[in-house]
$ cat data_38.cif   # mmCIF, C-alpha atoms and all ligand atoms
data_entry
loop_
_atom_site.label_atom_id
_atom_site.label_comp_id
_atom_site.auth_asym_id
_atom_site.auth_seq_id
_atom_site.Cartn_x
_atom_site.Cartn_y
_atom_site.Cartn_z
CA MET H 747 104.23 105.55 95.44
CA LYS H 748 107.43 103.57 95.90
CA PRO H 749 106.71 100.42 93.94
CA ASP H 750 110.17 98.95 94.37
CA ALA H 751 110.20 99.23 98.14
CA ASN H 752 110.01 96.24 100.42
CA VAL H 753 107.62 97.16 103.20
CA VAL H 754 107.50 96.04 106.82
CA GLU H 755 104.70 97.44 108.96
CA VAL H 756 104.18 97.03 112.69
CA VAL H 757 101.39 98.41 114.85
CA LEU H 758 102.35 98.92 118.49
CA GLU H 759 100.27 99.48 121.56
CA SER H 760 101.34 102.64 123.40
CA LYS H 761 103.39 100.84 126.04
CA LEU H 762 107.00 101.44 127.03
CA LYS H 763 107.90 97.78 126.53
CA ASN H 764 107.07 98.09 122.84
CA VAL H 765 109.92 100.55 122.34
CA GLU H 766 112.31 97.63 122.59
CA VAL H 767 110.26 95.69 120.07
CA SER H 768 110.50 98.59 117.62
CA GLU H 769 114.29 98.68 118.10
CA GLU H 770 114.58 94.98 117.38
CA VAL H 771 112.57 95.32 114.19
CA ALA H 772 114.70 98.34 113.19
CA ARG H 773 117.90 96.37 113.77
CA SER H 774 116.68 93.44 111.71
CA VAL H 775 115.33 95.54 108.83
CA SER H 776 118.53 97.66 108.74
CA ALA H 777 120.74 94.60 108.50
CA LYS H 778 118.59 93.13 105.73
CA ALA H 779 118.73 96.48 103.91
CA GLY H 780 122.53 96.29 103.88
CA PHE H 781 123.53 98.70 106.64
CA GLY H 782 126.59 97.95 108.75
CA GLU H 783 126.72 97.83 112.51
CA GLU H 784 127.34 101.55 113.10
CA ALA H 785 124.62 102.78 110.74
CA GLY H 786 122.31 100.10 112.08
CA PHE H 787 122.88 101.42 115.59
CA GLN H 788 122.09 104.97 114.45
CA ILE H 789 118.86 103.80 112.81
CA GLU H 790 117.93 101.88 115.94
CA MET H 791 118.50 104.97 118.10
CA ALA H 792 116.43 107.15 115.77
CA VAL H 793 113.55 104.66 115.91
CA HIS H 794 113.92 104.45 119.69
CA GLU H 795 113.56 108.24 120.04
CA ALA H 796 110.70 108.60 117.56
CA VAL H 797 108.71 105.72 119.06
CA ILE H 798 109.19 106.93 122.64
CA ASN H 799 107.94 110.34 121.53
CA ALA H 800 104.96 108.80 119.74
CA ILE H 801 104.00 106.80 122.84
CA PHE H 802 104.51 109.52 125.45
CA HIS H 803 104.11 112.92 123.74
CA GLY H 804 101.79 111.80 120.94
CA ASN H 805 99.54 109.08 122.32
CA LYS H 806 100.15 109.94 125.98
CA GLU H 807 100.11 106.20 126.74
CA ASP H 808 96.42 106.01 125.85
CA PRO H 809 95.73 102.26 125.43
CA ARG H 810 93.29 102.99 122.60
CA LYS H 811 95.94 104.81 120.58
CA LYS H 812 98.51 102.97 118.49
CA VAL H 813 101.92 103.70 117.05
CA HIS H 814 102.16 102.81 113.38
CA LEU H 815 105.67 101.93 112.34
CA LYS H 816 106.58 101.41 108.70
CA PHE H 817 109.92 100.54 107.14
CA LEU H 818 110.41 100.90 103.40
CA THR H 819 113.58 99.31 102.11
CA LEU H 820 114.64 101.19 98.98
CA ALA H 821 117.41 100.51 96.52
CA ASP H 822 119.57 103.19 98.16
CA GLY H 823 118.52 103.01 101.79
CA LEU H 824 115.73 102.91 104.31
CA GLU H 825 112.70 105.16 104.85
CA ILE H 826 111.00 104.91 108.22
CA HIS H 827 107.59 106.27 109.21
CA VAL H 828 106.49 106.57 112.84
CA ARG H 829 102.89 107.72 113.11
CA ASP H 830 100.97 108.38 116.30
CA GLU H 831 97.37 109.35 117.05
CA GLY H 832 98.13 112.51 119.03
CA LYS H 833 97.83 116.22 118.39
CA GLY H 834 100.92 116.66 116.27
CA PHE H 835 103.90 119.00 116.69
CA ASP H 836 106.24 121.31 114.87
CA PRO H 837 109.86 120.11 115.13
CA ASN H 838 111.17 123.46 113.91
CA THR H 839 110.15 125.35 117.05
CA LEU H 840 111.98 123.18 119.58
CA PRO H 841 114.64 124.62 121.89
CA ASP H 842 118.24 124.01 120.82
CA PRO H 843 119.69 121.37 123.18
CA LEU H 844 123.18 122.81 122.53
CA ALA H 845 122.23 126.30 123.75
CA LYS H 846 124.04 127.18 126.96
CA GLU H 847 120.87 127.38 129.02
CA ASN H 848 119.81 123.90 127.87
CA LEU H 849 123.06 121.99 128.25
CA LEU H 850 122.20 120.65 131.68
CA ASN H 851 118.65 119.65 130.78
CA ASP H 852 118.07 115.92 130.97
CA SER H 853 115.50 115.95 128.18
CA GLY H 854 114.94 117.60 124.83
CA ARG H 855 117.56 115.75 122.79
CA GLY H 856 115.50 113.08 121.03
CA ILE H 857 114.69 114.96 117.84
CA PHE H 858 118.19 116.45 117.84
CA LEU H 859 119.65 112.92 117.81
CA VAL H 860 117.29 111.75 115.09
CA ARG H 861 118.43 114.67 112.93
CA LYS H 862 122.06 113.77 113.63
CA PHE H 863 121.67 110.09 112.85
CA MET H 864 119.44 110.23 109.78
CA ASP H 865 119.96 111.89 106.37
CA GLU H 866 116.39 113.18 106.13
CA PHE H 867 113.87 114.06 108.81
CA ARG H 868 110.46 115.66 108.59
CA VAL H 869 107.12 115.65 110.36
CA GLU H 870 103.74 115.56 108.68
CA ASN H 871 100.79 116.53 110.84
CA PHE H 872 97.30 115.19 110.23
CA PRO H 873 95.08 117.46 112.32
CA GLY H 874 92.92 115.37 114.63
CA ARG H 875 94.59 112.17 113.47
CA GLY H 876 98.18 112.43 114.61
CA ALA H 877 101.71 113.16 113.59
CA GLU H 878 103.99 111.20 111.32
CA VAL H 879 107.75 111.35 111.65
CA ILE H 880 109.45 110.40 108.40
CA MET H 881 113.15 109.70 108.34
CA VAL H 882 115.51 108.39 105.70
CA LYS H 883 118.98 106.96 105.87
CA HIS H 884 120.93 106.25 102.71
CA LEU H 885 123.29 103.33 102.32
CA THR H 886 125.85 105.94 101.32
CA SER H 887 124.98 108.09 104.32
CA ARG H 888 126.48 111.55 104.67
CA ILE H 889 126.73 110.79 108.37
CA GLN H 890 130.17 109.46 109.12
CA SER H 891 130.53 106.97 111.92
CA ASN H 892 133.08 109.17 113.70
CA GLN H 893 131.01 112.35 113.55
CA GLY H 894 130.63 113.44 117.14
CA GLY H 895 131.85 110.08 118.35
CA THR H 896 130.04 106.80 117.91
CA GLY H 897 126.79 108.10 119.26
CA ARG H 898 126.92 105.50 121.99
CA GLU H 899 128.36 107.89 124.53
CA HIS H 900 124.92 109.33 125.09
CA GLU H 901 123.71 105.99 126.40
CA GLY H 902 123.42 106.06 130.12
CA ASN H 903 124.29 109.71 130.64
CA VAL H 904 121.58 111.45 128.69
CA ALA H 905 118.00 110.72 129.53
CA SER H 906 115.70 110.94 126.58
CA GLY H 907 112.07 110.20 126.48
N1 LIG T 1001 105.05 112.49 118.46
C1 LIG T 1001 104.98 113.67 119.09
N2 LIG T 1001 103.79 114.25 119.36
C2 LIG T 1001 103.71 115.43 119.99
N3 LIG T 1001 104.78 116.15 120.39
C3 LIG T 1001 106.00 115.63 120.15
C4 LIG T 1001 106.17 114.38 119.49
N4 LIG T 1001 107.50 114.15 119.37
C5 LIG T 1001 108.11 115.20 119.93
N5 LIG T 1001 107.21 116.09 120.41
C6 LIG T 1001 107.52 117.39 121.06
O1 LIG T 1001 108.85 117.72 120.79
C7 LIG T 1001 109.57 117.90 122.00
C8 LIG T 1001 111.01 117.47 121.84
O2 LIG T 1001 111.12 116.07 121.68
P1 LIG T 1001 112.50 115.40 122.01
O3 LIG T 1001 113.56 116.12 121.29
O4 LIG T 1001 112.39 113.94 121.79
O5 LIG T 1001 112.73 115.70 123.55
P2 LIG T 1001 111.96 115.12 124.82
O6 LIG T 1001 111.16 113.95 124.36
O7 LIG T 1001 113.05 114.73 125.76
O8 LIG T 1001 111.11 116.24 125.33
C9 LIG T 1001 108.79 117.11 123.03
O9 LIG T 1001 109.00 117.59 124.33
C10 LIG T 1001 107.37 117.32 122.56
O10 LIG T 1001 106.90 118.57 123.00
MG MG T 1002 111.88 112.41 123.17
#

$ encode --input "data_38.cif" --output "structure tokens" --more "lines below"
Ligand SMILES: Nc1ncnc2c1ncn2[C@@H]1O[C@H](COP(=O)(O)OP(=O)(O)O)[C@@H](O)[C@H]1O
Ligand SMILES: [Mg+2]
Amino acid sequence: MKPDANVVEVVLESKLKNVEVSEEVARSVSAKAGFGEEAGFQIEMAVHEAVINAIFHGNKEDPRKKVHLKFLTLADGLEIHVRDEGKGFDPNTLPDPLAKENLLNDSGRGIFLVRKFMDEFRVENFPGRGAEVIMVKHLTSRIQSNQGGTGREHEGNVASG
């Protein structure tokens, strides 16, 4: 479908320690694709959130279920697929983490951050076979590095998982 893309695929066991592996691959692929440090960090965070969700919400840490991670390097950016083997979900029905009643919650910000950091985000559900999060970041991203700070301020003070 995307004949010009360079593809990197990784299959992960549903273990917390593999989240870090996915981040390292994301960092490496982003740099090779031509993203700078800030955009690379945003991509890494988006992968972190999507893979944690795939392991815990999707696969529920079932050792038989895998997380399928795919990076497609395109001429104008990077497309990332994170597929699990769970029951799927609808990202459009999630509570708004910025709503007053949710501001003190220590969870429920993962998808919100992915949407902030990436130019495109969508979920495809394959009933009985899992969910696939698809996200795209362009080399000329609409997301400015100073939008809402660097993004790093959520490290350490916002739990996400
Ligand atoms: N891969 C997934 N499979 C099933 N449900 C998911 C998946 N990813 C996200 N969700 C659902 O979306 C919700 C919001 O995800 P997120 O914004 O990352 O917040 P959190 O993980 O802290 O709950 C999750 O609580 C879960 O119900
Ligand atoms: Mg999450």

$ residues_near_ligand --input "data_38.cif" --ligand "ligand LIG 1001 (chain T)" --cutoff "10 Å" --atoms "all atoms listed in the file" --output "JSON, numbers by chain"
{"H": [792, 794, 795, 796, 797, 798, 799, 800, 801, 802, 803, 804, 805, 806, 813, 828, 829, 830, 831, 832, 833, 834, 835, 836, 837, 838, 839, 840, 841, 842, 843, 851, 852, 853, 854, 855, 856, 857, 858, 859, 860, 861, 869, 871, 876, 877, 878, 879, 904, 905, 906, 907]}

$ closest_residue --input "data_38.cif" --among "H:Ile880, H:Val765, H:Ala821, H:Leu885" --to "Lys748 in chain H" --atoms "only C-alpha atoms"
H:Ala821

$ atom_distance --input "data_38.cif" --atom1 "CA of Leu762 in chain H" --atom2 "CA of Pro809 in chain H"
11.4 Å

$ residues_around --input "data_38.cif" --residues "Lys816 in chain H" --least-positions-apart "2" --cutoff "7 Å" --atoms "all atoms listed in the file" --output "PyMOL selection string"
chain H and resi 754-756+814+818+826-828

$ closest_residue --input "data_38.cif" --among "H:Glu825, H:Met791, H:Asp808, H:Val771" --to "ligand MG 1002 (chain T)" --atoms "all atoms listed in the file"
H:Met791

$ atom_distance --input "data_38.cif" --atom1 "CA of Arg888 in chain H" --atom2 "CA of Glu870 in chain H"
23.4 Å

$ closest_residue --input "data_38.cif" --among "H:Val793, H:Ala785, H:Leu758, H:Asp750" --to "ligand MG 1002 (chain T)" --atoms "all atoms listed in the file"
H:Val793

$ atom_distance --input "data_38.cif" --atom1 "CA of Arg810 in chain H" --atom2 "CA of Glu766 in chain H"
19.8 Å

$ residues_around --input "data_38.cif" --residues "range 881-883 of chain H" --least-positions-apart "4" --cutoff "7 Å" --atoms "all atoms listed in the file" --output "PyMOL selection string"
chain H and resi 823-827+864-868+887
